[in-house]
Amino acid sequence: MMNRAEIKRSLGVSLWFVFLTFPLMVVRVDSINETIEWRWMNMLWVGLGSFVLSLVSRWYFRHRETRASNPLEPSGVSLQIRSWFTDPKHRWPLLALLALIAVAFPFTFSAYQTNIMTTALMYVVLGLGLNIVVGLAGLLDLGYVAFYLVGAYSYGLLNTHFDLGFWTVLPIGALLAAIFGVLLGFPVLRLRGDYLAIVTLAFGEIIRLVMENWNDFSRGPSGISNIDRPGFFGIDLTLNQSITYLYFLMLVMVVVTIFVVNRLQDSRIGRAWLALREDDIACQAMGIDKTKTKLTAFALGATWAGMVGVIFAAKTTFINPASFTFLESAIILAIVVLGGMGSILGVIIGAFVLILLPEYLRALSDYRMLAFGAIMVTMMVFRPQGIIANVRRRYEFKGKVS
């Protein structure tokens, strides 16, 4: 049961939320008729909802502290869910069902829905690429959008000036992005934490501003238009066919990315990234080359961003520097943090939540971003480790000591 002090605190929280949301939820100005509409019922619902959520959160945290104080208590539902998914008897039928849904999606839903899903798959790959740098190696990169830009402009410029096709430029964009990743990695070898974040943020802004102001090279703010869509053995595709084709292309790329990143996690370089994330001094003391480890993380993470950049340019057929602002880097980083740093499944779920949820909250009209923000805040309060927390590996020695 809640005591009187907790109820008072929850009441204070509800009043604070009413005060914060008052201009948006209560006051509506009609500039045409020059009238003001006061929506007092909205204030009542905000106060009541925040009061109930505050009480629920206080009960949740008190219950979690009680469980933490009793280490013998089993983890309950969370343990059952984890064991259910790790059981091959359940995992393979689930994967088969997901594959069936993914293949049937463009033939079941409209081209608009398919286009949105393609965008979500692009952010899945971007999130998995940044997860290498942030989630595995522990290097806070706020300029990840710069590699995304390099891939997009690689295709835009090479297609416009040299008439190179999509499949020709795809590996070129990945290679150029990897080179830029190494170029970024060298100056920041000695940096970590906030200092690394500032330098990478500056790198992303420098690349964007160069493209915005170098008119002779990149056409400046006007951007590059009429970029060719991906070809399919020389067959001319209609707009709807191109949308479906790009969807399946991204689907294949997501599967390949998951396979490669999963193999990298279990490889020697993957274990070196984890060691670097946990303690870089101990990592160096164990004989791991920090320079090689960091540069490899930046290069491989940038490679995926470069490929997605090429696909983005082919998908939109138009690019300009306004599409590659810091907000894009923030969204991709939010996908990694929300999903769970180092977790492949978590990043996938985080990408779908962050990209699809605002689209499907359009029914709330003016309040959809408010609802979206409230959902994100609630998620970070109740599960700060992410949707799917990465399980820390433990090694046990079971041999006999002589």
# chains A, B, ... in the order shown; residues from 1 in each chain; ligands from 1
>>> residues_around(residues="Gly234 in chain A", least_positions_apart="6", cutoff="12 Å", atoms="only C-alpha atoms", output="number ranges by chain")
A: 165-167
>>> write_last_selection(atoms="N, CA and C atoms", output="PDB file, in the first residue's frame")
ATOM      1  N   GLY A 165      25.985   2.928 -62.104  1.00  0.00           N
ATOM      2  CA  GLY A 165      24.761   2.360 -61.570  1.00  0.00           C
ATOM      3  C   GLY A 165      24.825   2.087 -60.085  1.00  0.00           C
ATOM      4  N   PHE A 166      23.681   1.691 -59.553  1.00  0.00           N
ATOM      5  CA  PHE A 166      23.545   1.456 -58.119  1.00  0.00           C
ATOM      6  C   PHE A 166      24.482   0.352 -57.641  1.00  0.00           C
ATOM      7  N   TRP A 167      24.481  -0.789 -58.326  1.00  0.00           N
ATOM      8  CA  TRP A 167      25.262  -1.930 -57.870  1.00  0.00           C
ATOM      9  C   TRP A 167      26.757  -1.689 -57.990  1.00  0.00           C
TER      10      TRP A 167
END
>>> select_by_dssp(residues="range 225-355 of chain A", states="strand (DSSP E or B)", output="VMD selection string")
chain A and resid 225 232 235 318 to 319
>>> residues_around(residues="Ser14 in chain A", least_positions_apart="3", cutoff="12 Å", atoms="only C-alpha atoms", output="PyMOL selection string")
chain A and resi 7-11+17-22+43-55
>>> residues_around(residues="Val308 in chain A", least_positions_apart="3", cutoff="7 Å", atoms="only C-alpha atoms", output="list of chain:residue names")
A:Met122, A:Tyr148, A:Trp304, A:Ala305, A:Ile311, A:Phe312
>>> select_by_dssp(residues="range 218-356 of chain A", states="helix (DSSP H, G or I)", output="JSON, numbers by chain")
{"A": [218, 220, 221, 222, 239, 240, 241, 242, 243, 244, 245, 246, 247, 248, 249, 250, 251, 252, 253, 254, 255, 256, 257, 258, 259, 260, 261, 262, 263, 264, 265, 268, 269, 270, 271, 272, 273, 274, 275, 276, 277, 278, 280, 281, 282, 283, 284, 285, 290, 291, 292, 293, 294, 295, 296, 297, 298, 299, 300, 301, 302, 303, 304, 305, 306, 307, 308, 309, 310, 311, 312, 313, 314, 315, 316, 321, 322, 323, 326, 327, 328, 329, 330, 331, 332, 333, 334, 335, 336, 337, 338, 339, 344, 345, 346, 347, 348, 349, 350, 351, 352, 353, 354, 355, 356]}
>>> write_last_selection(atoms="C-alpha atoms", output="tab-separated table (two decimals), in the first residue's frame")
chain	number	residue	atom	x	y	z
A	218	SER	CA	27.94	19.04	-54.46
A	220	GLY	CA	25.21	23.10	-52.30
A	221	PRO	CA	21.81	23.43	-50.62
A	222	SER	CA	20.05	22.70	-53.92
A	239	LEU	CA	7.30	3.23	-58.97
A	240	ASN	CA	5.42	0.55	-57.01
A	241	GLN	CA	7.73	-2.17	-58.32
A	242	SER	CA	10.77	-0.09	-57.31
A	243	ILE	CA	9.35	0.33	-53.79
A	244	THR	CA	8.84	-3.44	-53.48
A	245	TYR	CA	12.29	-4.13	-54.96
A	246	LEU	CA	13.96	-1.76	-52.45
A	247	TYR	CA	12.02	-3.38	-49.62
A	248	PHE	CA	13.34	-6.85	-50.44
A	249	LEU	CA	16.81	-5.40	-50.99
A	250	MET	CA	16.76	-3.90	-47.50
A	251	LEU	CA	15.35	-7.13	-46.08
A	252	VAL	CA	18.30	-9.09	-47.47
A	253	MET	CA	20.70	-6.44	-46.23
A	254	VAL	CA	19.24	-6.63	-42.70
A	255	VAL	CA	19.69	-10.42	-42.63
A	256	VAL	CA	23.29	-10.13	-43.87
A	257	THR	CA	24.03	-7.38	-41.34
A	258	ILE	CA	22.62	-9.43	-38.46
A	259	PHE	CA	24.71	-12.44	-39.50
A	260	VAL	CA	27.93	-10.42	-39.87
A	261	VAL	CA	27.51	-8.42	-36.65
A	262	ASN	CA	26.66	-11.59	-34.71
A	263	ARG	CA	29.79	-13.31	-36.03
A	264	LEU	CA	31.87	-10.22	-35.23
A	265	GLN	CA	30.64	-10.26	-31.63
A	268	ARG	CA	38.56	-12.16	-31.61
A	269	ILE	CA	38.03	-8.53	-32.63
A	270	GLY	CA	34.57	-8.60	-31.02
A	271	ARG	CA	36.02	-9.71	-27.69
A	272	ALA	CA	38.65	-6.98	-28.04
A	273	TRP	CA	35.86	-4.40	-28.51
A	274	LEU	CA	34.13	-5.63	-25.36
A	275	ALA	CA	37.40	-5.45	-23.42
A	276	LEU	CA	37.96	-1.92	-24.71
A	277	ARG	CA	34.45	-0.92	-23.63
A	278	GLU	CA	34.85	-2.30	-20.11
A	280	ASP	CA	40.72	0.41	-21.95
A	281	ILE	CA	43.71	0.40	-19.56
A	282	ALA	CA	43.24	-3.26	-18.66
A	283	CYS	CA	42.62	-3.95	-22.35
A	284	GLN	CA	46.00	-2.47	-23.27
A	285	ALA	CA	47.67	-4.26	-20.35
A	290	LYS	CA	43.97	-0.26	-28.90
A	291	THR	CA	44.75	1.63	-32.10
A	292	LYS	CA	43.81	-1.27	-34.34
A	293	THR	CA	40.73	-2.09	-32.25
A	294	LYS	CA	39.33	1.45	-32.35
A	295	LEU	CA	40.06	1.99	-36.04
A	296	THR	CA	38.43	-1.33	-36.91
A	297	ALA	CA	35.30	-0.35	-34.96
A	298	PHE	CA	35.04	3.02	-36.70
A	299	ALA	CA	35.71	1.54	-40.15
A	300	LEU	CA	33.24	-1.35	-39.86
A	301	GLY	CA	30.54	0.83	-38.33
A	302	ALA	CA	30.98	3.40	-41.10
A	303	THR	CA	30.82	0.70	-43.79
A	304	TRP	CA	27.19	-0.10	-43.02
A	305	ALA	CA	26.29	3.59	-42.89
A	306	GLY	CA	27.87	4.10	-46.32
A	307	MET	CA	25.85	1.28	-47.88
A	308	VAL	CA	22.61	2.55	-46.37
A	309	GLY	CA	23.48	6.03	-47.64
A	310	VAL	CA	23.71	4.66	-51.19
A	311	ILE	CA	20.32	2.97	-50.76
A	312	PHE	CA	18.84	6.18	-49.32
A	313	ALA	CA	19.96	8.16	-52.38
A	314	ALA	CA	18.49	5.52	-54.69
A	315	LYS	CA	15.25	5.41	-52.71
A	316	THR	CA	14.57	9.16	-52.61
A	321	PRO	CA	22.70	18.37	-46.84
A	322	ALA	CA	19.44	19.04	-44.93
A	323	SER	CA	18.82	15.29	-44.83
A	326	PHE	CA	22.73	16.08	-36.18
A	327	LEU	CA	19.14	14.99	-35.54
A	328	GLU	CA	19.77	11.89	-37.68
A	329	SER	CA	22.77	10.93	-35.55
A	330	ALA	CA	20.69	11.48	-32.42
A	331	ILE	CA	17.90	9.23	-33.72
A	332	ILE	CA	20.33	6.43	-34.58
A	333	LEU	CA	22.02	6.74	-31.18
A	334	ALA	CA	18.59	6.70	-29.50
A	335	ILE	CA	17.81	3.45	-31.35
A	336	VAL	CA	20.94	1.83	-29.89
A	337	VAL	CA	20.32	3.12	-26.35
A	338	LEU	CA	16.60	2.35	-26.36
A	339	GLY	CA	17.06	-1.14	-27.78
A	344	ILE	CA	21.28	-7.09	-31.81
A	345	LEU	CA	17.64	-7.98	-31.12
A	346	GLY	CA	17.26	-4.88	-28.96
A	347	VAL	CA	18.55	-2.57	-31.70
A	348	ILE	CA	16.13	-4.12	-34.20
A	349	ILE	CA	13.16	-3.60	-31.87
A	350	GLY	CA	14.37	-0.09	-30.99
A	351	ALA	CA	14.54	0.88	-34.66
A	352	PHE	CA	11.00	-0.32	-35.32
A	353	VAL	CA	9.70	1.49	-32.24
A	354	LEU	CA	11.42	4.80	-32.96
A	355	ILE	CA	10.65	4.89	-36.69
A	356	LEU	CA	7.23	3.25	-36.90
>>> closest_residue(among="A:Leu157, A:Met376, A:Leu361, A:Leu97", to="Asp216 in chain A", atoms="only C-alpha atoms")
A:Leu157
>>> closest_residue(among="A:Phe147, A:Met380, A:Ile224, A:Val103", to="Val182 in chain A", atoms="only C-alpha atoms")
A:Phe147
>>> atom_distance(atom1="CA of Arg362 in chain A", atom2="CA of Arg28 in chain A")
19.1 Å
>>> atom_distance(atom1="CA of Ile375 in chain A", atom2="CA of Pro358 in chain A")
10.7 Å
